[in-house]
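The file upload-v1.txt contains compact mmCIF, C-alpha atoms:
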# COMPACT_ATOMS: atom_id res chain seq x y z
CA LEU O 1 -14.77 -8.55 12.18
CA GLN O 2 -15.63 -10.76 9.21
CA SER O 3 -18.10 -8.23 7.77
CA PRO O 4 -17.12 -6.93 4.31
CA LYS O 5 -18.56 -3.52 5.23
CA PHE O 6 -16.36 -3.31 8.35
CA ILE O 7 -13.26 -4.31 6.39
CA SER O 8 -14.15 -1.73 3.74
CA TYR O 9 -14.36 1.02 6.38
CA VAL O 10 -11.04 -0.04 7.90
CA ASN O 11 -9.44 0.04 4.43
CA VAL O 12 -10.75 3.56 3.82
CA LEU O 13 -9.49 4.73 7.23
CA THR O 14 -6.00 3.27 6.79
CA GLY O 15 -5.77 4.51 3.21
CA GLY O 16 -6.66 8.03 4.34
CA MET O 17 -4.07 7.86 7.11
CA PHE O 18 -1.34 6.79 4.66
CA ILE O 19 -2.26 9.53 2.17
CA ALA O 20 -2.30 12.16 4.91
CA MET O 21 1.08 11.03 6.28
CA GLY O 22 2.57 11.00 2.81
CA LEU O 23 1.24 14.35 1.61
CA PHE O 24 1.38 16.40 4.81
CA HIS O 25 4.41 14.98 6.61
CA ILE O 26 6.77 12.87 4.50
CA LEU O 27 6.57 14.76 1.17
CA PRO O 28 7.29 18.25 2.58
CA GLU O 29 10.12 16.88 4.71
CA SER O 30 11.58 15.03 1.71
CA ILE O 31 11.47 18.21 -0.39
CA GLU O 32 13.11 20.21 2.40
CA HIS O 33 15.97 17.73 2.92
CA GLN O 34 16.52 16.55 -0.67
CA PRO O 35 20.12 16.32 -1.88
CA CYS O 36 21.32 19.01 -4.24
CA SER O 37 21.82 16.51 -7.08
CA LEU O 38 18.15 15.54 -6.88
CA ALA O 39 16.98 19.16 -6.54
CA THR O 40 18.69 20.08 -9.82
CA LEU O 41 17.82 16.87 -11.66
CA PHE O 42 15.51 18.53 -14.22
CA THR O 43 16.32 22.25 -13.92
CA SER O 44 19.37 24.39 -13.26
CA GLU O 45 17.61 25.93 -10.25
CA GLU O 46 16.55 23.94 -7.20
CA SER O 47 13.07 22.46 -7.55
CA ALA O 48 10.99 19.63 -6.14
CA MET O 49 10.55 17.88 -9.51
CA GLY O 50 12.90 15.00 -8.63
CA ILE O 51 11.02 14.15 -5.43
CA VAL O 52 7.65 14.56 -7.17
CA LEU O 53 8.81 12.20 -9.92
CA PHE O 54 9.73 9.52 -7.36
CA VAL O 55 6.37 9.96 -5.62
CA PHE O 56 4.56 9.61 -8.96
CA VAL O 57 6.53 6.50 -9.93
CA GLY O 58 5.86 4.95 -6.51
CA PHE O 59 2.14 5.65 -6.85
CA MET O 60 2.07 4.14 -10.34
CA ILE O 61 3.80 0.98 -9.07
CA VAL O 62 1.18 0.55 -6.35
CA LEU O 63 -1.61 1.23 -8.86
CA PHE O 64 -0.11 -1.35 -11.24
CA PHE O 65 -0.07 -3.98 -8.50
CA GLU O 66 -3.63 -3.24 -7.40
CA ARG O 67 -5.34 -2.84 -10.76
CA VAL O 68 -3.30 -4.93 -13.17
CA LEU O 69 -1.65 -7.76 -11.25
CA PHE O 70 -4.45 -8.22 -8.73
CA ASP O 71 -7.84 -7.71 -10.33
CA VAL O 72 -10.20 -7.27 -7.35
CA HIS O 73 -13.88 -7.24 -8.25
CA ASP O 74 -17.26 -8.00 -6.70
CA HIS O 75 -19.55 -10.36 -8.60
CA SER O 76 -22.55 -9.58 -6.42
CA LYS O 77 -23.33 -6.05 -7.63
CA SER O 78 -23.29 -4.15 -10.89
CA CYS O 79 -22.02 -0.59 -11.25
CA ASP O 80 -25.37 0.88 -10.15
CA ASN O 81 -25.27 -1.16 -6.89
CA THR O 82 -28.11 -3.48 -7.90
CA PRO O 83 -27.60 -7.23 -7.57
CA ASN O 84 -26.58 -9.02 -10.75
CA PRO O 85 -28.89 -11.89 -11.68
CA GLY O 86 -27.38 -15.32 -11.22
CA THR O 87 -24.66 -14.24 -8.78
CA GLU O 88 -26.22 -15.80 -5.73
CA GLY O 89 -24.06 -18.50 -4.21
CA ALA O 90 -25.08 -22.13 -3.93
CA GLU O 91 -27.52 -22.95 -1.12
CA GLY O 92 -27.84 -19.34 0.08
CA GLU O 93 -24.15 -18.52 0.33
CA GLU O 94 -23.39 -14.83 0.60
CA ASP O 95 -21.82 -13.09 -2.37
CA HIS O 96 -18.14 -12.37 -2.05
CA LEU O 97 -15.20 -10.57 -3.62
CA HIS O 98 -13.00 -12.38 -6.09
CA VAL O 99 -9.29 -11.67 -6.38
CA GLU O 100 -7.73 -13.03 -9.54
CA THR O 101 -3.97 -13.37 -9.16
CA GLN O 102 -3.28 -15.81 -12.01
CA GLY O 103 -1.65 -18.17 -9.49
CA TRP O 104 1.40 -16.09 -8.67
CA GLY O 105 -0.01 -13.73 -6.04
CA ALA O 106 1.74 -15.58 -3.21
CA ALA O 107 5.13 -15.15 -4.89
CA VAL O 108 4.55 -11.42 -5.41
CA LEU O 109 3.49 -11.06 -1.77
CA LEU O 110 6.57 -12.96 -0.60
CA ILE O 111 8.89 -10.79 -2.69
CA SER O 112 7.21 -7.55 -1.59
CA LEU O 113 7.43 -8.53 2.09
CA GLY O 114 11.09 -9.41 1.56
CA VAL O 115 11.83 -6.00 0.02
CA HIS O 116 9.86 -4.38 2.85
CA SER O 117 12.01 -6.24 5.40
CA VAL O 118 15.22 -5.15 3.67
CA PHE O 119 14.16 -1.50 3.94
CA GLU O 120 13.27 -2.01 7.61
CA GLY O 121 16.76 -3.41 8.19
CA ILE O 122 18.37 -0.48 6.38
CA ILE O 123 16.42 1.99 8.49
CA ILE O 124 17.40 0.25 11.73
CA GLY O 125 21.02 -0.08 10.56
CA THR O 126 21.38 3.62 9.79
CA ALA O 127 20.13 4.76 13.20
CA GLU O 128 22.58 7.05 14.94
CA SER O 129 21.90 6.18 18.58
CA VAL O 130 21.11 3.10 20.63
CA GLY O 131 17.80 4.59 21.72
CA THR O 132 16.76 5.10 18.10
CA VAL O 133 17.71 1.51 17.27
CA PHE O 134 15.47 0.21 20.05
CA LEU O 135 12.64 2.55 19.04
CA LEU O 136 12.81 1.48 15.38
CA ALA O 137 13.11 -2.20 16.28
CA GLY O 138 10.03 -1.83 18.48
CA ILE O 139 8.12 -0.22 15.63
CA VAL O 140 9.12 -3.02 13.25
CA VAL O 141 8.10 -5.71 15.75
CA ALA O 142 4.80 -3.91 16.50
CA HIS O 143 3.64 -4.02 12.87
CA LYS O 144 4.67 -7.59 12.05
CA TRP O 145 1.11 -8.73 12.78
CA ALA O 146 0.01 -7.04 9.55
CA ALA O 147 2.52 -9.07 7.51
CA ALA O 148 1.40 -12.25 9.23
CA PHE O 149 -2.23 -11.36 8.48
CA ALA O 150 -1.38 -10.76 4.81
CA MET O 151 0.40 -14.10 4.55
CA ALA O 152 -2.42 -15.99 6.29
CA ASP O 153 -5.21 -14.46 4.23
Output the structure of this file as structure tokens.
Amino acid sequence: LQSPKFISYVNVLTGGMFIAMGLFHILPESIEHQPCSLATLFTSEESAMGIVLFVFVGFMIVLFFERVLFDVHDHSKSCDNTPNPGTEGAEGEEDHLHVETQGWGAAVLLISLGVHSVFEGIIIGTAESVGTVFLLAGIVVAHKWAAAFAMAD
């Protein structure tokens, strides 16, 4: 479980699952059920431009966090996958990834998990039946391990 290759494969799998859910399930449903004010945000006729704009802005926010705020890079290989000279660790240590957060990564993680928790509370609070409340609360509890893993890492 500590293998960088294994973690890389798990990241690819989960990323693909999130993209598939977003593009094939959530986006079409959002376009179908969008409010009229959002459907006519940019044109006089109903269109999906408002929803698409929100999706684009959300993607750009995630990209900003990943590529600007958190510069993740591997010192062990160059772009052509050959080892860089002088990147071997001391006394035979394996090469590793470096994440440069400029010292404020923990604060950003704390804030993002707080916002995430607020949205979870809103979703549970807007449930229309007791059964849905229990289902959503179970889903929230079931994925708390991921937040704990992110905080511990």
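Using only C-alpha atoms, the shortest contact distance between Ile19 in chain O and any of O:Val55, O:Ile7, O:Ala148, O:Leu69 is found at O:Val55.
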Checklist line | Atom pair CA of Ala106 in chain O / CA of Phe6 in chain O: separation (Å) | finding: 24.7 Å
Check: When you draw a straight line from CA of Gly138 in chain O to CA of His25 in chain O, how long is it in Å?
Finding: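 Computed distance, CA of Gly138 in chain O to CA of His25 in chain O, equals 21.3 Å.
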Is it possible to get the axis-aligned box enclosing range 121-128 of chain O (all listed atoms, 4 Å extra per side) as JSON, with centre and edge lengths in Å rounded to one decimal?
{"center_x": 19.5, "center_y": 1.8, "center_z": 10.7, "size_x": 14.2, "size_y": 18.5, "size_z": 16.6}
Checklist line | Separation of CA of Met21 in chain O from CA of Thr132 in chain O in Å | finding: 20.5 Å
Next item on the list: Write out as a PyMOL selection string each polymer residue whose atoms come within 12 Å of Val141 in chain O, counting only C-alpha atoms; drop sequence neighbours fewer than 6 positions from it.
Entry: chain O and resi 117+120-121+124+134-135+147-148
Restricting the output to C-alpha atoms, write the selected residues as a PDB file, keeping the file's coordinate frame.
ATOM      1  CA  SER O 117      12.010  -6.240   5.400  1.00  0.00           C
ATOM      2  CA  GLU O 120      13.270  -2.010   7.610  1.00  0.00           C
ATOM      3  CA  GLY O 121      16.760  -3.410   8.190  1.00  0.00           C
ATOM      4  CA  ILE O 124      17.400   0.250  11.730  1.00  0.00           C
ATOM      5  CA  PHE O 134      15.470   0.210  20.050  1.00  0.00           C
ATOM      6  CA  LEU O 135      12.640   2.550  19.040  1.00  0.00           C
ATOM      7  CA  ALA O 147       2.520  -9.070   7.510  1.00  0.00           C
ATOM      8  CA  ALA O 148       1.400 -12.250   9.230  1.00  0.00           C
TER       9      ALA O 148
END
Margin query: Show me, as a VMD selection string, the residues that have an atom within 7 Å of Leu41 in chain O when counting all atoms listed in the file, minus same-chain residues fewer than 3 positions from it.
Written below: chain O and resid 37 to 38 50
Taking C-alpha atoms for each residue, export the selection above as a CSV table (one decimal), in the coordinates of the input.
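Ended up saving to selection02.csv:
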chain,number,residue,atom,x,y,z
O,37,SER,CA,21.8,16.5,-7.1
O,38,LEU,CA,18.2,15.5,-6.9
O,50,GLY,CA,12.9,15.0,-8.6
Check: For Ala48 in chain O, which residue out of O:Arg67, O:Phe149, O:Pro28, O:Val62 is the nearest one, using all atoms listed in the file?
Finding: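 The shortest atom-to-atom distance to Ala48 in chain O comes from O:Pro28.
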Note to self: Using only C-alpha atoms - which residues lie no farther than 12 Å from the point (1.1, -5.9, -0.4) in the file's frame? Write them as a PyMOL selection string.
What the structure shows: chain O and resi 61-66+69-70+105-116+146-151+153
